[in-house]
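Asker: My questions all concern the structure below.
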Amino acid sequence: MSVLIETSIGDLVIDLYTEEAPLTTKNFLKLCKLKYYNFSRIHRVEPNYIAQMGDPQGTGHGGQSIFGVLGGARYFPAEHNGFKHSERGTVSMAVTQQQVRGQDGVAGSQFFVTLADNLEYLDGRHTVFGRVVEGLGLLDEISAMLCDQAGRPLMDVLLRHTVVLDDPFDDPPGLVVPEGSPLLPSLEQTRDMRIEAGEELRVALADENEMRRREARAQALTLEMIGDLPYADIKPAENVLFVCKLNPLTQDDDLRTIFARFGEILSCEVMRDRETDVSLGYAFVEFKDKQACEEAYFKMDNVLVDDRRIHVDFSQSVGKYKGRWVNSSRDKGVDGVLVRRAGRYRHSDRGERDARDGAHYDMVFDARDLRRQRRGQDDQKTRHRSSSRRSRSPRRQRWDKR
């Protein structure tokens, strides 16, 4: 018989001693069914001792049993079963030691979890009715929390949900189980709430993800402006694999034969140096179907090919579209895809060359483009010098006549 308690910093699974403490476990299970503990907090923490919870008001002075919730007595007599608080993670009922209506030791809804072993002081005073079987690491985090003078954590740890995994007891008359958990805490619970533990981390992660998204967007726009990306919103194809760590002797046909068992291949190209035609050790394999590409990704990574352990990943390159076709919302393209011909920030001669070589993947650095740029700059400087000389000649002639 178990209960799952979802807190704001993690989950706890508690196994209950239903046979040794039937009244206490029945009270606990029915309160969990009513979502009585939802949005209550751990209101008292003593490091390496106990963490107390179960008061909906969060003061340590509130709460009542299931019998009180249904209109009966607020408390019920405490059970003493002889279990000891010998292990960390022992779950025990908070029992008042004063007489209430002639009864010695009564319990309501509050309970605590031990944070250390061998707490003999608690034996015989409180009713042990379960133990934590999952989430013991969470107890160390709770024990290390900073608390005020009253023992309340400076950052609230809320019990967000309680899920009853197994309940052997019949519901008492008048118990109406809600259809779902409450979405928001009650007004009384929100009056004294502090910053929830884990909230700062979630906000920081969200801010960091947003910052990374904006930074990536800005970098993409910059690459579009300088011509390294044909379009800022372009995405790599989902049916292309990037294969690296290849043997320099591995050829296109070799890779095509190896990867062809996964599906039809549209292209398979080992990248080579433009001048020496020597393999650069990586290649792109384009499949017709995305499913075949995914299957090859899972099965071909770290496979031995020509005495080399290759590495396979999904391609992040858009070089094949560079200067050819890119996503747009203006013109219709092939197979119903909205495309346009890239021309912004490009010279006409480069666009014509890319149109001819559009079936191939482009390399990151193009030595021919660099040389062409340098020759253009040198020609421009030469024309400027020659024009300067021609402009000075008539003045010299006029001076000589004088």
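Ordered as shown in the structure tokens, chains take letters A, B, and onward, while each chain numbers its residues from 1 and ligands are numbered from 1 in the order shown.
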Please report, as a list in words, each residue of region 91-175 of chain A to which DSSP assigns alpha helix (DSSP H) when run on this structure's backbone.
Answerer: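 Answer for region 91-175 of chain A, restricted to alpha helix (DSSP H): Leu136, Gly137, Leu138, Leu139, Asp140, Glu141, Ile142 and Ser143 of chain A.
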Asker: With all heavy atoms retained, export the selected residues as a PDB file, in the first residue's frame.
Answerer:
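Result file is out06.pdb:
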ATOM      1  N   LEU A 136      14.869   9.094  -1.312  1.00  0.00           N
ATOM      2  CA  LEU A 136      15.679   9.305  -0.117  1.00  0.00           C
ATOM      3  C   LEU A 136      16.708  10.419  -0.326  1.00  0.00           C
ATOM      4  O   LEU A 136      17.081  11.110   0.630  1.00  0.00           O
ATOM      5  CB  LEU A 136      16.388   8.003   0.274  1.00  0.00           C
ATOM      6  CG  LEU A 136      15.484   6.900   0.854  1.00  0.00           C
ATOM      7  CD1 LEU A 136      16.272   5.601   1.019  1.00  0.00           C
ATOM      8  CD2 LEU A 136      14.893   7.340   2.184  1.00  0.00           C
ATOM      9  N   GLY A 137      17.168  10.589  -1.564  1.00  0.00           N
ATOM     10  CA  GLY A 137      18.104  11.682  -1.828  1.00  0.00           C
ATOM     11  C   GLY A 137      17.478  13.045  -1.595  1.00  0.00           C
ATOM     12  O   GLY A 137      18.171  14.020  -1.282  1.00  0.00           O
ATOM     13  N   LEU A 138      16.164  13.114  -1.747  1.00  0.00           N
ATOM     14  CA  LEU A 138      15.453  14.364  -1.503  1.00  0.00           C
ATOM     15  C   LEU A 138      15.518  14.766  -0.040  1.00  0.00           C
ATOM     16  O   LEU A 138      15.496  15.956   0.291  1.00  0.00           O
ATOM     17  CB  LEU A 138      14.001  14.200  -1.958  1.00  0.00           C
ATOM     18  CG  LEU A 138      13.170  15.467  -2.134  1.00  0.00           C
ATOM     19  CD1 LEU A 138      13.727  16.298  -3.257  1.00  0.00           C
ATOM     20  CD2 LEU A 138      11.723  15.108  -2.417  1.00  0.00           C
ATOM     21  N   LEU A 139      15.598  13.778   0.855  1.00  0.00           N
ATOM     22  CA  LEU A 139      15.661  14.075   2.287  1.00  0.00           C
ATOM     23  C   LEU A 139      16.954  14.815   2.641  1.00  0.00           C
ATOM     24  O   LEU A 139      16.965  15.674   3.528  1.00  0.00           O
ATOM     25  CB  LEU A 139      15.551  12.778   3.094  1.00  0.00           C
ATOM     26  CG  LEU A 139      14.285  11.946   2.858  1.00  0.00           C
ATOM     27  CD1 LEU A 139      14.280  10.712   3.755  1.00  0.00           C
ATOM     28  CD2 LEU A 139      13.033  12.788   3.093  1.00  0.00           C
ATOM     29  N   ASP A 140      18.049  14.479   1.972  1.00  0.00           N
ATOM     30  CA  ASP A 140      19.307  15.201   2.210  1.00  0.00           C
ATOM     31  C   ASP A 140      19.179  16.655   1.795  1.00  0.00           C
ATOM     32  O   ASP A 140      19.698  17.552   2.468  1.00  0.00           O
ATOM     33  CB  ASP A 140      20.451  14.535   1.436  1.00  0.00           C
ATOM     34  CG  ASP A 140      20.724  13.118   1.919  1.00  0.00           C
ATOM     35  OD1 ASP A 140      20.464  12.841   3.102  1.00  0.00           O
ATOM     36  OD2 ASP A 140      21.167  12.294   1.104  1.00  0.00           O
ATOM     37  N   GLU A 141      18.491  16.892   0.684  1.00  0.00           N
ATOM     38  CA  GLU A 141      18.287  18.266   0.218  1.00  0.00           C
ATOM     39  C   GLU A 141      17.421  19.056   1.196  1.00  0.00           C
ATOM     40  O   GLU A 141      17.678  20.229   1.461  1.00  0.00           O
ATOM     41  CB  GLU A 141      17.643  18.234  -1.166  1.00  0.00           C
ATOM     42  CG  GLU A 141      17.548  19.579  -1.845  1.00  0.00           C
ATOM     43  CD  GLU A 141      17.025  19.487  -3.263  1.00  0.00           C
ATOM     44  OE1 GLU A 141      16.981  18.358  -3.793  1.00  0.00           O
ATOM     45  OE2 GLU A 141      16.666  20.539  -3.829  1.00  0.00           O
ATOM     46  N   ILE A 142      16.386  18.402   1.735  1.00  0.00           N
ATOM     47  CA  ILE A 142      15.524  19.067   2.705  1.00  0.00           C
ATOM     48  C   ILE A 142      16.291  19.358   3.992  1.00  0.00           C
ATOM     49  O   ILE A 142      16.171  20.438   4.578  1.00  0.00           O
ATOM     50  CB  ILE A 142      14.285  18.200   2.994  1.00  0.00           C
ATOM     51  CG1 ILE A 142      13.417  18.091   1.741  1.00  0.00           C
ATOM     52  CG2 ILE A 142      13.473  18.769   4.146  1.00  0.00           C
ATOM     53  CD1 ILE A 142      12.246  17.131   1.888  1.00  0.00           C
ATOM     54  N   SER A 143      17.098  18.411   4.433  1.00  0.00           N
ATOM     55  CA  SER A 143      17.865  18.591   5.669  1.00  0.00           C
ATOM     56  C   SER A 143      18.865  19.735   5.567  1.00  0.00           C
ATOM     57  O   SER A 143      19.196  20.370   6.579  1.00  0.00           O
ATOM     58  CB  SER A 143      18.594  17.291   6.012  1.00  0.00           C
ATOM     59  OG  SER A 143      19.317  17.409   7.217  1.00  0.00           O
TER      60      SER A 143
END
Asker: Near Val243 (chain A), counting only C-alpha atoms, which residues have an atom at most 6 Å away, once you skip same-chain residues fewer than 3 positions from it, shown as number ranges by chain?
Answerer: A: 282-283, 311-312
Asker: When you look at His161 (chain A) with a cut-off of 12 Å (counting only C-alpha atoms), what residues show up, excluding the ones that are within fewer than 3 positions of it in the same chain? I need them as a ChimeraX atom specification.
Answerer: /A:3-8,10-13,31-41,158,164,180-185
Asker: How would the residues just chosen look if you wrote them out with C-alpha atoms as an mmCIF file, in the first residue's frame?
Answerer:
data_model
loop_
_atom_site.group_PDB
_atom_site.id
_atom_site.type_symbol
_atom_site.label_atom_id
_atom_site.label_comp_id
_atom_site.auth_asym_id
_atom_site.auth_seq_id
_atom_site.Cartn_x
_atom_site.Cartn_y
_atom_site.Cartn_z
ATOM 1 C CA VAL A 3 1.274 6.891 -1.693
ATOM 2 C CA LEU A 4 3.146 9.178 -4.096
ATOM 3 C CA ILE A 5 3.743 12.713 -2.831
ATOM 4 C CA GLU A 6 4.855 15.212 -5.479
ATOM 5 C CA THR A 7 6.711 18.139 -3.938
ATOM 6 C CA SER A 8 8.111 21.253 -5.570
ATOM 7 C CA GLY A 10 10.967 16.112 -6.174
ATOM 8 C CA ASP A 11 8.811 13.066 -5.486
ATOM 9 C CA LEU A 12 8.507 10.809 -2.448
ATOM 10 C CA VAL A 13 6.980 7.322 -2.475
ATOM 11 C CA LEU A 31 -6.867 12.645 3.503
ATOM 12 C CA CYS A 32 -4.677 12.021 0.460
ATOM 13 C CA LYS A 33 -7.760 10.988 -1.520
ATOM 14 C CA LEU A 34 -9.480 14.253 -0.605
ATOM 15 C CA LYS A 35 -6.376 16.203 -1.778
ATOM 16 C CA TYR A 36 -6.260 17.599 1.738
ATOM 17 C CA TYR A 37 -2.474 17.985 1.668
ATOM 18 C CA ASN A 38 -2.272 19.726 -1.714
ATOM 19 C CA PHE A 39 -0.385 23.053 -1.558
ATOM 20 C CA SER A 40 0.479 22.532 2.115
ATOM 21 C CA ARG A 41 4.168 22.991 2.906
ATOM 22 C CA LEU A 158 5.068 22.604 -1.280
ATOM 23 C CA VAL A 164 -2.906 7.020 -3.756
ATOM 24 C CA GLY A 180 -8.969 16.115 -9.846
ATOM 25 C CA SER A 181 -6.397 18.049 -7.892
ATOM 26 C CA PRO A 182 -6.948 21.750 -7.174
ATOM 27 C CA LEU A 183 -5.194 23.990 -9.656
ATOM 28 C CA LEU A 184 -4.433 26.828 -7.223
ATOM 29 C CA PRO A 185 -3.848 27.085 -3.469
#
Asker: Region 80-93 of chain A: which residues within 8 Å, counting only C-alpha atoms, same-chain residues fewer than 4 positions away excluded, as an NGL selection string?
Answerer: :A and (14 or 20-21 or 24 or 107 or 109-120 or 122-124 or 126-133 or 136 or 139)
Asker: What does the file look like for those residues with N, CA, C and O atoms, as a CSV table (one decimal), in the first residue's frame?
Answerer:
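Just written: out16.csv:
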chain,number,residue,atom,x,y,z
A,14,ILE,N,5.9,6.6,-0.4
A,14,ILE,CA,5.8,6.1,0.9
A,14,ILE,C,5.1,4.8,0.9
A,14,ILE,O,3.9,4.7,0.4
A,20,GLU,N,-0.2,-3.0,10.7
A,20,GLU,CA,0.3,-2.6,12.0
A,20,GLU,C,-0.2,-1.3,12.6
A,20,GLU,O,-0.3,-1.1,13.8
A,21,ALA,N,-0.7,-0.4,11.7
A,21,ALA,CA,-1.3,0.9,12.1
A,21,ALA,C,-2.5,1.1,11.2
A,21,ALA,O,-2.5,2.1,10.4
A,24,THR,N,-4.3,4.8,11.7
A,24,THR,CA,-3.5,5.9,11.2
A,24,THR,C,-3.3,5.9,9.7
A,24,THR,O,-3.4,6.9,9.1
A,107,ALA,N,-3.9,12.3,17.4
A,107,ALA,CA,-3.3,12.7,16.1
A,107,ALA,C,-4.3,13.3,15.2
A,107,ALA,O,-5.5,13.0,15.4
A,109,SER,N,-3.7,15.5,11.3
A,109,SER,CA,-3.3,15.3,9.9
A,109,SER,C,-1.8,15.5,9.8
A,109,SER,O,-1.2,15.1,8.7
A,110,GLN,N,-1.1,16.0,10.7
A,110,GLN,CA,0.3,16.3,10.6
A,110,GLN,C,1.2,15.0,10.8
A,110,GLN,O,0.8,14.2,11.6
A,111,PHE,N,2.2,15.0,10.0
A,111,PHE,CA,3.2,13.8,10.1
A,111,PHE,C,4.6,14.3,9.8
A,111,PHE,O,4.7,15.5,9.4
A,112,PHE,N,5.5,13.5,10.1
A,112,PHE,CA,6.9,13.9,9.8
A,112,PHE,C,7.7,12.8,9.3
A,112,PHE,O,7.3,11.6,9.4
A,113,VAL,N,8.9,13.1,8.6
A,113,VAL,CA,9.8,12.1,8.1
A,113,VAL,C,11.1,12.3,8.7
A,113,VAL,O,11.6,13.4,8.8
A,114,THR,N,11.7,11.2,9.2
A,114,THR,CA,13.0,11.3,9.9
A,114,THR,C,14.1,11.6,8.9
A,114,THR,O,14.1,11.0,7.8
A,115,LEU,N,15.1,12.4,9.2
A,115,LEU,CA,16.2,12.7,8.4
A,115,LEU,C,17.5,12.1,8.8
A,115,LEU,O,18.6,12.4,8.3
A,116,ALA,N,17.5,11.2,9.8
A,116,ALA,CA,18.7,10.5,10.3
A,116,ALA,C,18.3,9.2,10.9
A,116,ALA,O,17.1,8.9,11.1
A,117,ASP,N,19.3,8.4,11.2
A,117,ASP,CA,19.0,7.0,11.7
A,117,ASP,C,19.0,7.1,13.3
A,117,ASP,O,19.6,8.0,13.9
A,118,ASN,N,18.4,6.1,13.9
A,118,ASN,CA,18.5,5.9,15.3
A,118,ASN,C,18.0,7.1,16.1
A,118,ASN,O,18.8,7.6,17.0
A,119,LEU,N,16.8,7.5,15.9
A,119,LEU,CA,16.3,8.6,16.7
A,119,LEU,C,15.4,8.0,17.8
A,119,LEU,O,14.2,8.0,17.7
A,120,GLU,N,16.1,7.5,18.8
A,120,GLU,CA,15.4,6.7,19.8
A,120,GLU,C,14.5,7.6,20.7
A,120,GLU,O,13.6,7.1,21.3
A,122,LEU,N,12.3,9.5,19.8
A,122,LEU,CA,10.9,9.5,19.3
A,122,LEU,C,10.1,8.2,19.5
A,122,LEU,O,8.9,8.1,19.3
A,123,ASP,N,10.9,7.1,19.9
A,123,ASP,CA,10.2,5.8,20.0
A,123,ASP,C,9.2,5.9,21.2
A,123,ASP,O,9.5,6.4,22.3
A,124,GLY,N,8.0,5.3,20.9
A,124,GLY,CA,7.0,5.3,21.9
A,124,GLY,C,6.2,6.5,22.1
A,124,GLY,O,5.2,6.5,22.8
A,126,HIS,N,5.5,8.7,19.1
A,126,HIS,CA,4.8,8.9,17.9
A,126,HIS,C,4.6,7.6,17.1
A,126,HIS,O,5.3,6.6,17.3
A,127,THR,N,3.5,7.6,16.3
A,127,THR,CA,3.1,6.4,15.7
A,127,THR,C,3.8,6.2,14.3
A,127,THR,O,3.6,7.0,13.4
A,128,VAL,N,4.6,5.2,14.2
A,128,VAL,CA,5.3,4.9,12.9
A,128,VAL,C,4.3,4.2,12.0
A,128,VAL,O,3.7,3.2,12.4
A,129,PHE,N,4.0,4.8,10.8
A,129,PHE,CA,3.0,4.1,9.9
A,129,PHE,C,3.5,3.9,8.5
A,129,PHE,O,2.7,3.5,7.6
A,130,GLY,N,4.8,4.2,8.2
A,130,GLY,CA,5.3,4.0,6.9
A,130,GLY,C,6.8,4.3,6.8
A,130,GLY,O,7.4,4.7,7.8
A,131,ARG,N,7.3,4.2,5.6
A,131,ARG,CA,8.7,4.5,5.3
A,131,ARG,C,8.8,5.0,3.9
A,131,ARG,O,8.1,4.5,3.0
A,132,VAL,N,9.8,5.9,3.7
A,132,VAL,CA,10.1,6.4,2.3
A,132,VAL,C,10.9,5.3,1.6
A,132,VAL,O,12.0,4.9,2.0
A,133,VAL,N,10.4,4.9,0.4
A,133,VAL,CA,11.1,3.8,-0.4
A,133,VAL,C,11.7,4.4,-1.6
A,133,VAL,O,12.6,3.9,-2.2
A,136,LEU,N,14.9,9.1,-1.3
A,136,LEU,CA,15.7,9.3,-0.1
A,136,LEU,C,16.7,10.4,-0.3
A,136,LEU,O,17.1,11.1,0.6
A,139,LEU,N,15.6,13.8,0.9
A,139,LEU,CA,15.7,14.1,2.3
A,139,LEU,C,17.0,14.8,2.6
A,139,LEU,O,17.0,15.7,3.5
Asker: Using only C-alpha atoms, which of the listed residues (A:Leu266, A:Leu280, A:Ile234, A:Ala296) sits closest to Ser317 (chain A)?
Answerer: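 Among the listed residues, A:Ile234 lies closest to Ser317 (chain A).
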Asker: For the atom pair CA of Leu241 (chain A) and CA of Cys268 (chain A), what is the interatomic distance in Å to one decimal place?
Answerer: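 These atoms are spaced 9.6 Å apart.
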Asker: Extract the full set of strand (DSSP E) residues from region 24-123 of chain A according to DSSP on the backbone, and format it as a PyMOL selection string.
Answerer: chain A and resi 40-41+44-46+50-53+76-77+90-100+103-114
Asker: Could you name the residues that touch Leu229 (chain A) at 8 Å or less, counting only C-alpha atoms, but leaving out those on the same chain fewer than 5 positions away, as an mmCIF file with N, CA, C and O atoms, in the first residue's frame?
Answerer:
data_model
loop_
_atom_site.group_PDB
_atom_site.id
_atom_site.type_symbol
_atom_site.label_atom_id
_atom_site.label_comp_id
_atom_site.auth_asym_id
_atom_site.auth_seq_id
_atom_site.Cartn_x
_atom_site.Cartn_y
_atom_site.Cartn_z
ATOM 1 N N ALA A 220 22.106 33.892 -36.893
ATOM 2 C CA ALA A 220 21.598 33.460 -38.193
ATOM 3 C C ALA A 220 21.374 34.651 -39.119
ATOM 4 O O ALA A 220 21.685 34.590 -40.315
ATOM 5 N N LEU A 223 24.742 35.808 -40.387
ATOM 6 C CA LEU A 223 25.259 34.924 -41.431
ATOM 7 C C LEU A 223 24.517 35.113 -42.744
ATOM 8 O O LEU A 223 25.103 34.972 -43.825
ATOM 9 N N GLU A 224 23.238 35.455 -42.667
ATOM 10 C CA GLU A 224 22.486 35.732 -43.897
ATOM 11 C C GLU A 224 22.992 37.009 -44.550
ATOM 12 O O GLU A 224 23.148 37.078 -45.781
ATOM 13 N N VAL A 318 23.550 23.326 -44.473
ATOM 14 C CA VAL A 318 22.622 23.814 -45.501
ATOM 15 C C VAL A 318 23.400 24.203 -46.749
ATOM 16 O O VAL A 318 22.916 24.975 -47.580
ATOM 17 N N LYS A 322 22.869 26.433 -50.712
ATOM 18 C CA LYS A 322 23.556 27.720 -50.757
ATOM 19 C C LYS A 322 23.575 28.245 -52.183
ATOM 20 O O LYS A 322 24.104 27.622 -53.091
#
Asker: Quick check, in Å to one decimal: how far apart do CA of Ser267 (chain A) and CA of Glu286 (chain A) lie?
Answerer: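 These two atoms are separated by 5.2 Å.
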Asker: Name all residues at most 7 Å from Gln64 (chain A) (count only C-alpha atoms; drop same-chain ones fewer than 6 positions away) and give them as a count of residues only.
Answerer: 4
Asker: Residues near Arg194 (chain A), anyone? I mean within 12 Å using only C-alpha atoms, not counting same-chain ones fewer than 4 positions away, as a list in words.
Answerer: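 That gives Arg41, Ile42, His43, Gly58, Cys147, Arg152, Pro153, Leu154, Met155, Asp156, Val157, Leu158, Gln189, Thr190, Gly198 and Glu199 of chain A.
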Asker: Taking only C-alpha atoms into account, which of A:Glu275, A:Glu238, A:Glu269, A:Asp289 comes nearest Asp313 (chain A)?
Answerer: A:Glu238
